[in-house]
$ cat query_24.txt   # compact mmCIF, N, CA and C atoms
# COMPACT_ATOMS: atom_id res chain seq x y z
N MET A 1 -60.06 -52.24 27.37
CA MET A 1 -59.77 -50.83 27.51
C MET A 1 -58.57 -50.67 28.45
N PHE A 2 -57.71 -49.72 28.13
CA PHE A 2 -56.57 -49.40 28.98
C PHE A 2 -56.55 -47.90 29.23
N LEU A 3 -56.42 -47.51 30.49
CA LEU A 3 -56.21 -46.12 30.86
C LEU A 3 -54.87 -46.03 31.57
N GLY A 4 -53.96 -45.23 31.03
CA GLY A 4 -52.68 -44.99 31.68
C GLY A 4 -52.83 -43.84 32.66
N LEU A 5 -52.64 -44.12 33.93
CA LEU A 5 -52.83 -43.10 34.98
C LEU A 5 -51.50 -42.53 35.43
N VAL A 6 -51.51 -41.27 35.82
CA VAL A 6 -50.33 -40.61 36.35
C VAL A 6 -50.05 -41.18 37.74
N ARG A 7 -48.84 -41.73 37.88
CA ARG A 7 -48.43 -42.33 39.16
C ARG A 7 -47.84 -41.27 40.08
N ASN A 8 -47.88 -41.57 41.37
CA ASN A 8 -47.33 -40.63 42.36
C ASN A 8 -45.87 -40.90 42.67
N HIS A 9 -45.25 -41.84 41.94
CA HIS A 9 -43.84 -42.16 42.18
C HIS A 9 -43.19 -42.64 40.88
N ASN A 10 -41.90 -42.45 40.78
CA ASN A 10 -41.12 -42.96 39.66
C ASN A 10 -39.65 -42.93 40.05
N GLN A 11 -38.96 -44.02 39.85
CA GLN A 11 -37.54 -44.14 40.13
C GLN A 11 -37.18 -43.66 41.53
N GLY A 12 -38.00 -44.05 42.50
CA GLY A 12 -37.73 -43.72 43.89
C GLY A 12 -38.05 -42.30 44.30
N ARG A 13 -38.67 -41.53 43.41
CA ARG A 13 -39.03 -40.14 43.72
C ARG A 13 -40.54 -40.01 43.82
N ARG A 14 -40.97 -39.11 44.68
CA ARG A 14 -42.39 -38.80 44.79
C ARG A 14 -42.75 -37.77 43.72
N VAL A 15 -43.61 -38.17 42.79
CA VAL A 15 -44.03 -37.30 41.69
C VAL A 15 -45.15 -36.39 42.16
N ARG A 16 -45.07 -35.12 41.81
CA ARG A 16 -46.11 -34.14 42.15
C ARG A 16 -47.15 -34.03 41.04
N TYR A 17 -46.68 -33.93 39.78
CA TYR A 17 -47.56 -33.87 38.61
C TYR A 17 -46.71 -34.04 37.36
N LEU A 18 -47.36 -34.19 36.21
CA LEU A 18 -46.67 -34.33 34.93
C LEU A 18 -47.16 -33.27 33.96
N GLU A 19 -46.33 -32.97 32.98
CA GLU A 19 -46.74 -32.16 31.84
C GLU A 19 -46.35 -32.92 30.57
N TYR A 20 -47.29 -33.04 29.65
CA TYR A 20 -47.04 -33.68 28.37
C TYR A 20 -47.07 -32.64 27.26
N GLU A 21 -46.13 -32.79 26.32
CA GLU A 21 -46.13 -32.00 25.10
C GLU A 21 -46.12 -32.96 23.93
N ALA A 22 -46.66 -32.53 22.80
CA ALA A 22 -46.69 -33.37 21.61
C ALA A 22 -46.56 -32.51 20.37
N TYR A 23 -46.05 -33.11 19.32
CA TYR A 23 -46.09 -32.49 18.01
C TYR A 23 -47.30 -33.10 17.32
N GLU A 24 -48.43 -32.41 17.41
CA GLU A 24 -49.73 -32.97 17.05
C GLU A 24 -49.81 -33.52 15.62
N PRO A 25 -49.33 -32.80 14.59
CA PRO A 25 -49.47 -33.37 13.24
C PRO A 25 -48.80 -34.74 13.09
N LEU A 26 -47.60 -34.88 13.65
CA LEU A 26 -46.92 -36.18 13.57
C LEU A 26 -47.53 -37.20 14.51
N ALA A 27 -48.01 -36.76 15.66
CA ALA A 27 -48.66 -37.68 16.60
C ALA A 27 -49.90 -38.30 15.96
N LEU A 28 -50.70 -37.48 15.29
CA LEU A 28 -51.90 -38.02 14.64
C LEU A 28 -51.55 -38.98 13.51
N LYS A 29 -50.47 -38.69 12.77
CA LYS A 29 -50.01 -39.63 11.74
C LYS A 29 -49.55 -40.94 12.36
N ALA A 30 -48.87 -40.85 13.49
CA ALA A 30 -48.43 -42.07 14.18
C ALA A 30 -49.63 -42.86 14.68
N PHE A 31 -50.68 -42.18 15.18
CA PHE A 31 -51.90 -42.87 15.59
C PHE A 31 -52.50 -43.63 14.41
N GLU A 32 -52.56 -42.98 13.25
CA GLU A 32 -53.10 -43.63 12.05
C GLU A 32 -52.27 -44.84 11.67
N ARG A 33 -50.97 -44.70 11.76
CA ARG A 33 -50.08 -45.82 11.43
C ARG A 33 -50.34 -46.99 12.37
N ILE A 34 -50.43 -46.71 13.66
CA ILE A 34 -50.69 -47.78 14.64
C ILE A 34 -52.03 -48.45 14.34
N ASP A 35 -53.05 -47.66 14.01
CA ASP A 35 -54.35 -48.23 13.65
C ASP A 35 -54.22 -49.15 12.44
N ASP A 36 -53.47 -48.73 11.43
CA ASP A 36 -53.25 -49.57 10.24
C ASP A 36 -52.54 -50.87 10.62
N GLU A 37 -51.52 -50.77 11.48
CA GLU A 37 -50.80 -51.97 11.91
C GLU A 37 -51.71 -52.93 12.65
N VAL A 38 -52.56 -52.39 13.51
CA VAL A 38 -53.51 -53.24 14.25
C VAL A 38 -54.47 -53.93 13.29
N ARG A 39 -55.01 -53.19 12.35
CA ARG A 39 -55.97 -53.78 11.39
C ARG A 39 -55.32 -54.88 10.55
N ARG A 40 -54.04 -54.71 10.21
CA ARG A 40 -53.35 -55.75 9.43
C ARG A 40 -53.06 -56.99 10.28
N ARG A 41 -52.61 -56.78 11.52
CA ARG A 41 -52.22 -57.91 12.39
C ARG A 41 -53.42 -58.64 12.96
N TRP A 42 -54.45 -57.87 13.36
CA TRP A 42 -55.68 -58.43 13.96
C TRP A 42 -56.86 -57.88 13.15
N PRO A 43 -57.19 -58.50 12.01
CA PRO A 43 -58.19 -57.95 11.08
C PRO A 43 -59.56 -57.65 11.70
N GLY A 44 -59.99 -58.38 12.70
CA GLY A 44 -61.30 -58.13 13.29
C GLY A 44 -61.32 -57.08 14.37
N VAL A 45 -60.16 -56.55 14.71
CA VAL A 45 -60.06 -55.60 15.84
C VAL A 45 -60.17 -54.17 15.34
N ARG A 46 -60.87 -53.36 16.09
CA ARG A 46 -60.93 -51.91 15.87
C ARG A 46 -60.44 -51.25 17.15
N MET A 47 -59.79 -50.11 16.99
CA MET A 47 -59.24 -49.45 18.17
C MET A 47 -59.48 -47.95 18.13
N ALA A 48 -59.45 -47.37 19.33
CA ALA A 48 -59.49 -45.92 19.50
C ALA A 48 -58.36 -45.56 20.46
N LEU A 49 -57.75 -44.40 20.21
CA LEU A 49 -56.57 -44.00 20.97
C LEU A 49 -56.62 -42.49 21.21
N HIS A 50 -56.33 -42.10 22.44
CA HIS A 50 -56.25 -40.67 22.77
C HIS A 50 -55.13 -40.48 23.80
N HIS A 51 -54.28 -39.48 23.56
CA HIS A 51 -53.23 -39.12 24.52
C HIS A 51 -53.39 -37.66 24.87
N ARG A 52 -53.45 -37.38 26.16
CA ARG A 52 -53.62 -36.00 26.60
C ARG A 52 -52.29 -35.25 26.59
N THR A 53 -52.39 -33.94 26.57
CA THR A 53 -51.23 -33.06 26.71
C THR A 53 -51.54 -32.04 27.80
N GLY A 54 -50.51 -31.31 28.20
CA GLY A 54 -50.68 -30.30 29.25
C GLY A 54 -50.39 -30.90 30.62
N ARG A 55 -50.78 -30.16 31.64
CA ARG A 55 -50.53 -30.58 33.02
C ARG A 55 -51.54 -31.63 33.45
N LEU A 56 -51.03 -32.69 34.04
CA LEU A 56 -51.88 -33.76 34.57
C LEU A 56 -51.52 -34.03 36.02
N GLU A 57 -52.52 -34.17 36.82
CA GLU A 57 -52.34 -34.42 38.25
C GLU A 57 -52.28 -35.93 38.52
N ILE A 58 -51.79 -36.28 39.68
CA ILE A 58 -51.72 -37.68 40.10
C ILE A 58 -53.12 -38.31 40.00
N GLY A 59 -53.18 -39.49 39.40
CA GLY A 59 -54.44 -40.21 39.28
C GLY A 59 -55.22 -39.91 38.01
N GLU A 60 -54.85 -38.85 37.29
CA GLU A 60 -55.55 -38.54 36.04
C GLU A 60 -55.06 -39.46 34.92
N ALA A 61 -55.92 -39.70 33.94
CA ALA A 61 -55.56 -40.53 32.80
C ALA A 61 -54.78 -39.71 31.79
N SER A 62 -53.64 -40.25 31.35
CA SER A 62 -52.83 -39.59 30.34
C SER A 62 -53.09 -40.18 28.95
N VAL A 63 -53.37 -41.47 28.90
CA VAL A 63 -53.63 -42.14 27.63
C VAL A 63 -54.81 -43.09 27.80
N ALA A 64 -55.65 -43.15 26.76
CA ALA A 64 -56.79 -44.07 26.75
C ALA A 64 -56.75 -44.86 25.45
N ILE A 65 -56.86 -46.18 25.59
CA ILE A 65 -56.89 -47.08 24.44
C ILE A 65 -58.09 -47.99 24.60
N VAL A 66 -58.88 -48.09 23.56
CA VAL A 66 -60.04 -48.98 23.56
C VAL A 66 -59.93 -49.87 22.33
N THR A 67 -60.10 -51.17 22.54
CA THR A 67 -60.16 -52.09 21.41
C THR A 67 -61.48 -52.83 21.46
N ALA A 68 -62.00 -53.11 20.28
CA ALA A 68 -63.23 -53.90 20.14
C ALA A 68 -62.90 -55.07 19.23
N SER A 69 -63.33 -56.26 19.63
CA SER A 69 -62.95 -57.45 18.89
C SER A 69 -63.95 -58.57 19.12
N PRO A 70 -64.16 -59.41 18.09
CA PRO A 70 -65.00 -60.59 18.29
C PRO A 70 -64.35 -61.59 19.25
N HIS A 71 -63.03 -61.53 19.41
CA HIS A 71 -62.31 -62.47 20.27
C HIS A 71 -61.48 -61.69 21.29
N ARG A 72 -61.69 -61.96 22.57
CA ARG A 72 -61.04 -61.18 23.62
C ARG A 72 -59.52 -61.25 23.55
N GLY A 73 -58.95 -62.40 23.19
CA GLY A 73 -57.50 -62.51 23.11
C GLY A 73 -56.91 -61.52 22.13
N ASP A 74 -57.55 -61.40 20.95
CA ASP A 74 -57.08 -60.44 19.95
C ASP A 74 -57.22 -59.01 20.45
N GLY A 75 -58.34 -58.73 21.11
CA GLY A 75 -58.57 -57.38 21.63
C GLY A 75 -57.56 -56.99 22.68
N PHE A 76 -57.27 -57.91 23.61
CA PHE A 76 -56.28 -57.63 24.66
C PHE A 76 -54.88 -57.46 24.06
N ALA A 77 -54.52 -58.36 23.13
CA ALA A 77 -53.19 -58.27 22.51
C ALA A 77 -53.04 -56.97 21.73
N ALA A 78 -54.07 -56.60 20.98
CA ALA A 78 -54.01 -55.36 20.21
C ALA A 78 -53.88 -54.15 21.13
N CYS A 79 -54.59 -54.14 22.23
CA CYS A 79 -54.51 -53.03 23.19
C CYS A 79 -53.09 -52.90 23.73
N ARG A 80 -52.49 -54.02 24.09
CA ARG A 80 -51.11 -54.00 24.60
C ARG A 80 -50.14 -53.54 23.51
N TYR A 81 -50.37 -53.99 22.29
CA TYR A 81 -49.54 -53.59 21.16
C TYR A 81 -49.62 -52.08 20.96
N VAL A 82 -50.81 -51.52 21.04
CA VAL A 82 -50.99 -50.08 20.83
C VAL A 82 -50.15 -49.28 21.83
N ILE A 83 -50.20 -49.62 23.12
CA ILE A 83 -49.44 -48.83 24.09
C ILE A 83 -47.94 -48.99 23.86
N GLU A 84 -47.50 -50.16 23.47
CA GLU A 84 -46.08 -50.35 23.18
C GLU A 84 -45.65 -49.49 21.99
N ARG A 85 -46.47 -49.45 20.94
CA ARG A 85 -46.14 -48.63 19.77
C ARG A 85 -46.22 -47.14 20.09
N VAL A 86 -47.18 -46.74 20.93
CA VAL A 86 -47.25 -45.33 21.34
C VAL A 86 -45.92 -44.94 21.98
N LYS A 87 -45.44 -45.77 22.90
CA LYS A 87 -44.18 -45.46 23.58
C LYS A 87 -43.01 -45.45 22.60
N GLN A 88 -43.08 -46.24 21.53
CA GLN A 88 -41.98 -46.32 20.58
C GLN A 88 -41.97 -45.16 19.57
N ILE A 89 -43.13 -44.80 19.02
CA ILE A 89 -43.11 -43.94 17.82
C ILE A 89 -43.91 -42.65 17.88
N VAL A 90 -44.71 -42.43 18.91
CA VAL A 90 -45.54 -41.22 18.94
C VAL A 90 -44.75 -40.06 19.58
N PRO A 91 -44.67 -38.91 18.90
CA PRO A 91 -43.90 -37.78 19.43
C PRO A 91 -44.64 -37.05 20.56
N VAL A 92 -44.59 -37.68 21.73
CA VAL A 92 -45.15 -37.12 22.95
C VAL A 92 -44.03 -37.15 23.99
N TRP A 93 -43.83 -36.02 24.66
CA TRP A 93 -42.76 -35.92 25.65
C TRP A 93 -43.35 -35.62 27.01
N LYS A 94 -42.76 -36.25 28.02
CA LYS A 94 -43.27 -36.13 29.39
C LYS A 94 -42.26 -35.41 30.27
N ARG A 95 -42.73 -34.39 30.97
CA ARG A 95 -41.91 -33.70 31.96
C ARG A 95 -42.47 -34.04 33.33
N GLU A 96 -41.61 -34.60 34.15
CA GLU A 96 -42.03 -35.08 35.46
C GLU A 96 -41.58 -34.09 36.53
N TYR A 97 -42.52 -33.64 37.33
CA TYR A 97 -42.22 -32.72 38.44
C TYR A 97 -42.27 -33.53 39.73
N PHE A 98 -41.17 -33.51 40.46
CA PHE A 98 -41.09 -34.25 41.71
C PHE A 98 -40.59 -33.33 42.80
N GLU A 99 -40.62 -33.81 44.00
CA GLU A 99 -40.13 -33.00 45.11
C GLU A 99 -38.64 -32.74 44.90
N GLY A 100 -38.28 -31.48 44.74
CA GLY A 100 -36.89 -31.11 44.56
C GLY A 100 -36.47 -30.84 43.13
N GLY A 101 -37.37 -30.95 42.16
CA GLY A 101 -36.96 -30.65 40.80
C GLY A 101 -37.89 -31.20 39.74
N ASP A 102 -37.38 -31.25 38.53
CA ASP A 102 -38.13 -31.79 37.41
C ASP A 102 -37.16 -32.37 36.40
N VAL A 103 -37.67 -33.25 35.54
CA VAL A 103 -36.85 -33.90 34.53
C VAL A 103 -37.72 -34.26 33.34
N TRP A 104 -37.13 -34.16 32.15
CA TRP A 104 -37.80 -34.65 30.94
C TRP A 104 -37.55 -36.14 30.85
N ILE A 105 -38.60 -36.91 30.64
CA ILE A 105 -38.49 -38.35 30.45
C ILE A 105 -38.40 -38.60 28.95
N GLU A 106 -37.42 -39.40 28.53
CA GLU A 106 -37.23 -39.66 27.10
C GLU A 106 -38.51 -40.22 26.50
N GLY A 107 -38.89 -39.66 25.37
CA GLY A 107 -40.09 -40.09 24.67
C GLY A 107 -39.77 -41.08 23.57
N ALA A 108 -40.62 -41.11 22.58
CA ALA A 108 -40.48 -42.05 21.46
C ALA A 108 -39.14 -41.87 20.76
N THR A 109 -38.47 -42.98 20.51
CA THR A 109 -37.16 -42.91 19.86
C THR A 109 -37.04 -43.84 18.66
N ALA A 110 -37.99 -44.74 18.47
CA ALA A 110 -37.88 -45.70 17.38
C ALA A 110 -38.32 -45.09 16.06
N ASP A 111 -37.64 -45.48 15.00
CA ASP A 111 -38.07 -45.15 13.65
C ASP A 111 -39.35 -45.95 13.38
N PRO A 112 -40.43 -45.30 12.96
CA PRO A 112 -41.68 -46.03 12.71
C PRO A 112 -41.53 -47.19 11.72
N ASP A 113 -40.51 -47.13 10.85
CA ASP A 113 -40.29 -48.20 9.88
C ASP A 113 -39.35 -49.29 10.39
N ASP A 114 -38.86 -49.15 11.61
CA ASP A 114 -37.95 -50.15 12.18
C ASP A 114 -38.73 -51.43 12.49
N GLN A 115 -38.51 -52.44 11.70
CA GLN A 115 -39.24 -53.70 11.85
C GLN A 115 -38.88 -54.42 13.15
N ARG A 116 -37.66 -54.23 13.65
CA ARG A 116 -37.29 -54.86 14.93
C ARG A 116 -38.10 -54.25 16.07
N ALA A 117 -38.28 -52.94 16.07
CA ALA A 117 -39.08 -52.29 17.12
C ALA A 117 -40.53 -52.77 17.04
N ARG A 118 -41.05 -52.84 15.84
CA ARG A 118 -42.43 -53.32 15.66
C ARG A 118 -42.56 -54.77 16.14
N ALA A 119 -41.61 -55.60 15.80
CA ALA A 119 -41.63 -57.00 16.23
C ALA A 119 -41.54 -57.10 17.74
N GLU A 120 -40.76 -56.23 18.37
CA GLU A 120 -40.66 -56.23 19.83
C GLU A 120 -41.99 -55.85 20.47
N ALA A 121 -42.68 -54.87 19.91
CA ALA A 121 -44.01 -54.49 20.41
C ALA A 121 -44.98 -55.66 20.29
N GLU A 122 -44.91 -56.37 19.18
CA GLU A 122 -45.79 -57.53 18.99
C GLU A 122 -45.43 -58.66 19.95
N ARG A 123 -44.13 -58.87 20.18
CA ARG A 123 -43.70 -59.91 21.11
C ARG A 123 -44.25 -59.64 22.51
N ILE A 124 -44.15 -58.39 22.96
CA ILE A 124 -44.66 -58.01 24.28
C ILE A 124 -46.18 -58.19 24.32
N ALA A 125 -46.85 -57.76 23.26
CA ALA A 125 -48.31 -57.82 23.24
C ALA A 125 -48.82 -59.25 23.25
N CYS A 126 -48.10 -60.14 22.65
CA CYS A 126 -48.58 -61.51 22.48
C CYS A 126 -47.95 -62.48 23.48
N ALA A 127 -47.21 -61.97 24.44
CA ALA A 127 -46.54 -62.84 25.44
C ALA A 127 -47.55 -63.54 26.33

$ encode --input "query_24.txt" --output "structure tokens"
Amino acid sequence: MFLGLVRNHNQGRRVRYLEYEAYEPLALKAFERIDDEVRRRWPGVRMALHHRTGRLEIGEASVAIVTASPHRGDGFAACRYVIERVKQIVPVWKREYFEGGDVWIEGATADPDDQRARAEAERIACA
């Protein structure tokens, strides 16, 4: 299981809180695609994925990923793969509020069909 928590710092700034926005219909399609990719790459693995939206305070979970597998190595690799693909292809945008201002953090930019991006996610997951 992986829980992504809101950090109190980023790029040398003290973060106060975050706000997430998503385009839900496409985000859910991206979740389904990631699930399909996981099932093809690790046939025995099942996963669950949830990403929150709205205002999140420091220490709150923004993303939750759970994998179940007969073999722990496959489960851990699949979990890591899921978060990498979320960052690549899921239309979720993060606005970071820090002392002195706020900034939008670039969200997913990869084409879901880009095989190089998918291979990079797998390389990171299986390192």

$ residues_around --input "query_24.txt" --residues "Val6 of chain A" --least-positions-apart "2" --cutoff "6 Å" --atoms "only N, CA and C atoms" --output "PyMOL selection string"
chain A and resi 4+8+57-62

$ select_by_dssp --input "query_24.txt" --residues "segment 44-107 of chain A" --states "strand (DSSP E or B)" --output "MDAnalysis selection string"
chainID A and resid 46:51 54:57 61:68 92:98 101:105

$ select_by_dssp --input "query_24.txt" --residues "chain A" --states "alpha helix (DSSP H)" --output "PyMOL selection string"
chain A and resi 24-41+72-89+115-125

$ residues_around --input "query_24.txt" --residues "segment 23-40 of chain A" --least-positions-apart "2" --cutoff "6 Å" --atoms "only C-alpha atoms" --output "compact mmCIF listing (two decimals) with N, CA and C atoms, in the frame of the given file"
# COMPACT_ATOMS: atom_id res chain seq x y z
N TRP A 42 -54.45 -57.87 13.36
CA TRP A 42 -55.68 -58.43 13.96
C TRP A 42 -56.86 -57.88 13.15
N PRO A 43 -57.19 -58.50 12.01
CA PRO A 43 -58.19 -57.95 11.08
C PRO A 43 -59.56 -57.65 11.70
N VAL A 90 -44.71 -42.43 18.91
CA VAL A 90 -45.54 -41.22 18.94
C VAL A 90 -44.75 -40.06 19.58
N PRO A 91 -44.67 -38.91 18.90
CA PRO A 91 -43.90 -37.78 19.43
C PRO A 91 -44.64 -37.05 20.56

$ residues_around --input "query_24.txt" --residues "His50 of chain A" --least-positions-apart "6" --cutoff "8 Å" --atoms "all atoms listed in the file" --output "list in words"
Ser62, Val63, Ala64, Ile65 and Val66 of chain A

$ write_last_selection --input "query_24.txt" --atoms "N, CA and C atoms" --output "PDB file, in the coordinates of the input"
ATOM      1  N   SER A  62     -53.640 -40.250  31.350  1.00  0.00           N
ATOM      2  CA  SER A  62     -52.830 -39.590  30.340  1.00  0.00           C
ATOM      3  C   SER A  62     -53.090 -40.180  28.950  1.00  0.00           C
ATOM      4  N   VAL A  63     -53.370 -41.470  28.900  1.00  0.00           N
ATOM      5  CA  VAL A  63     -53.630 -42.140  27.630  1.00  0.00           C
ATOM      6  C   VAL A  63     -54.810 -43.090  27.800  1.00  0.00           C
ATOM      7  N   ALA A  64     -55.650 -43.150  26.760  1.00  0.00           N
ATOM      8  CA  ALA A  64     -56.790 -44.070  26.750  1.00  0.00           C
ATOM      9  C   ALA A  64     -56.750 -44.860  25.450  1.00  0.00           C
ATOM     10  N   ILE A  65     -56.860 -46.180  25.590  1.00  0.00           N
ATOM     11  CA  ILE A  65     -56.890 -47.080  24.440  1.00  0.00           C
ATOM     12  C   ILE A  65     -58.090 -47.990  24.600  1.00  0.00           C
ATOM     13  N   VAL A  66     -58.880 -48.090  23.560  1.00  0.00           N
ATOM     14  CA  VAL A  66     -60.040 -48.980  23.560  1.00  0.00           C
ATOM     15  C   VAL A  66     -59.930 -49.870  22.330  1.00  0.00           C
TER      16      VAL A  66
END

$ residues_around --input "query_24.txt" --residues "segment 93-104 of chain A" --least-positions-apart "6" --cutoff "7 Å" --atoms "only N, CA and C atoms" --output "ChimeraX atom specification"
/A:13-23

$ atom_distance --input "query_24.txt" --atom1 "atom C of Gly75 of chain A" --atom2 "atom N of Arg55 of chain A"
29.1 Å

$ atom_distance --input "query_24.txt" --atom1 "atom CA of Ala78 of chain A" --atom2 "atom CA of Glu106 of chain A"
24.0 Å

$ closest_residue --input "query_24.txt" --among "A:Ala125, A:Ala48, A:Ile105, A:Ala68" --to "Glu84 of chain A" --atoms "only N, CA and C atoms"
A:Ala125

$ atom_distance --input "query_24.txt" --atom1 "atom C of Leu49 of chain A" --atom2 "atom CA of Ser69 of chain A"
16.4 Å

$ residues_around --input "query_24.txt" --residues "Arg80 of chain A" --least-positions-apart "6" --cutoff "7 Å" --atoms "only N, CA and C atoms" --output "PyMOL selection string"
chain A and resi 121+124-126

$ write_last_selection --input "query_24.txt" --atoms "N, CA and C atoms" --output "PDB file, in the frame of the given file"
ATOM      1  N   ALA A 121     -42.680 -54.870  19.910  1.00  0.00           N
ATOM      2  CA  ALA A 121     -44.010 -54.490  20.410  1.00  0.00           C
ATOM      3  C   ALA A 121     -44.980 -55.660  20.290  1.00  0.00           C
ATOM      4  N   ILE A 124     -44.150 -58.390  22.960  1.00  0.00           N
ATOM      5  CA  ILE A 124     -44.660 -58.010  24.280  1.00  0.00           C
ATOM      6  C   ILE A 124     -46.180 -58.190  24.320  1.00  0.00           C
ATOM      7  N   ALA A 125     -46.850 -57.760  23.260  1.00  0.00           N
ATOM      8  CA  ALA A 125     -48.310 -57.820  23.240  1.00  0.00           C
ATOM      9  C   ALA A 125     -48.820 -59.250  23.250  1.00  0.00           C
ATOM     10  N   CYS A 126     -48.100 -60.140  22.650  1.00  0.00           N
ATOM     11  CA  CYS A 126     -48.580 -61.510  22.480  1.00  0.00           C
ATOM     12  C   CYS A 126     -47.950 -62.480  23.480  1.00  0.00           C
TER      13      CYS A 126
END

$ closest_residue --input "query_24.txt" --among "A:Phe2, A:Met47, A:Ala117, A:His9" --to "Arg85 of chain A" --atoms "only C-alpha atoms"
A:Ala117

$ closest_residue --input "query_24.txt" --among "A:Asp74, A:Gln11, A:Thr67, A:Tyr81" --to "Glu120 of chain A" --atoms "all atoms listed in the file"
A:Tyr81

$ build_atoms --input "query_24.txt" --residues "segment 100-106 of chain A" --atoms "all heavy atoms" --output "compact mmCIF listing (two decimals), keeping the file's coordinate frame"
# COMPACT_ATOMS: atom_id res chain seq x y z
N GLY A 100 -38.28 -31.48 44.74
CA GLY A 100 -36.89 -31.11 44.56
C GLY A 100 -36.47 -30.84 43.13
O GLY A 100 -35.31 -30.55 42.88
N GLY A 101 -37.37 -30.95 42.16
CA GLY A 101 -36.96 -30.65 40.80
C GLY A 101 -37.89 -31.20 39.74
O GLY A 101 -39.03 -31.57 40.02
N ASP A 102 -37.38 -31.25 38.53
CA ASP A 102 -38.13 -31.79 37.41
C ASP A 102 -37.16 -32.37 36.40
O ASP A 102 -35.97 -32.04 36.40
CB ASP A 102 -39.03 -30.73 36.76
CG ASP A 102 -38.23 -29.60 36.14
OD1 ASP A 102 -37.87 -29.73 34.96
OD2 ASP A 102 -37.98 -28.61 36.84
N VAL A 103 -37.67 -33.25 35.54
CA VAL A 103 -36.85 -33.90 34.53
C VAL A 103 -37.72 -34.26 33.34
O VAL A 103 -38.90 -34.57 33.49
CB VAL A 103 -36.15 -35.16 35.12
CG1 VAL A 103 -37.15 -36.21 35.52
CG2 VAL A 103 -35.13 -35.72 34.17
N TRP A 104 -37.13 -34.16 32.15
CA TRP A 104 -37.80 -34.65 30.94
C TRP A 104 -37.55 -36.14 30.85
O TRP A 104 -36.41 -36.59 30.96
CB TRP A 104 -37.27 -33.96 29.69
CG TRP A 104 -37.76 -32.57 29.53
CD1 TRP A 104 -37.11 -31.42 29.88
CD2 TRP A 104 -39.02 -32.17 29.01
NE1 TRP A 104 -37.89 -30.33 29.59
CE2 TRP A 104 -39.08 -30.76 29.05
CE3 TRP A 104 -40.12 -32.86 28.50
CZ2 TRP A 104 -40.17 -30.03 28.61
CZ3 TRP A 104 -41.22 -32.14 28.06
CH2 TRP A 104 -41.24 -30.74 28.12
N ILE A 105 -38.60 -36.91 30.64
CA ILE A 105 -38.49 -38.35 30.45
C ILE A 105 -38.40 -38.60 28.95
O ILE A 105 -39.22 -38.09 28.19
CB ILE A 105 -39.70 -39.10 31.05
CG1 ILE A 105 -39.93 -38.71 32.51
CG2 ILE A 105 -39.56 -40.59 30.86
CD1 ILE A 105 -38.83 -39.10 33.45
N GLU A 106 -37.42 -39.40 28.53
CA GLU A 106 -37.23 -39.66 27.10
C GLU A 106 -38.51 -40.22 26.50
O GLU A 106 -39.14 -41.12 27.04
CB GLU A 106 -36.09 -40.65 26.89
CG GLU A 106 -35.77 -40.88 25.45
CD GLU A 106 -34.53 -41.73 25.26
OE1 GLU A 106 -33.68 -41.75 26.15
OE2 GLU A 106 -34.44 -42.35 24.19
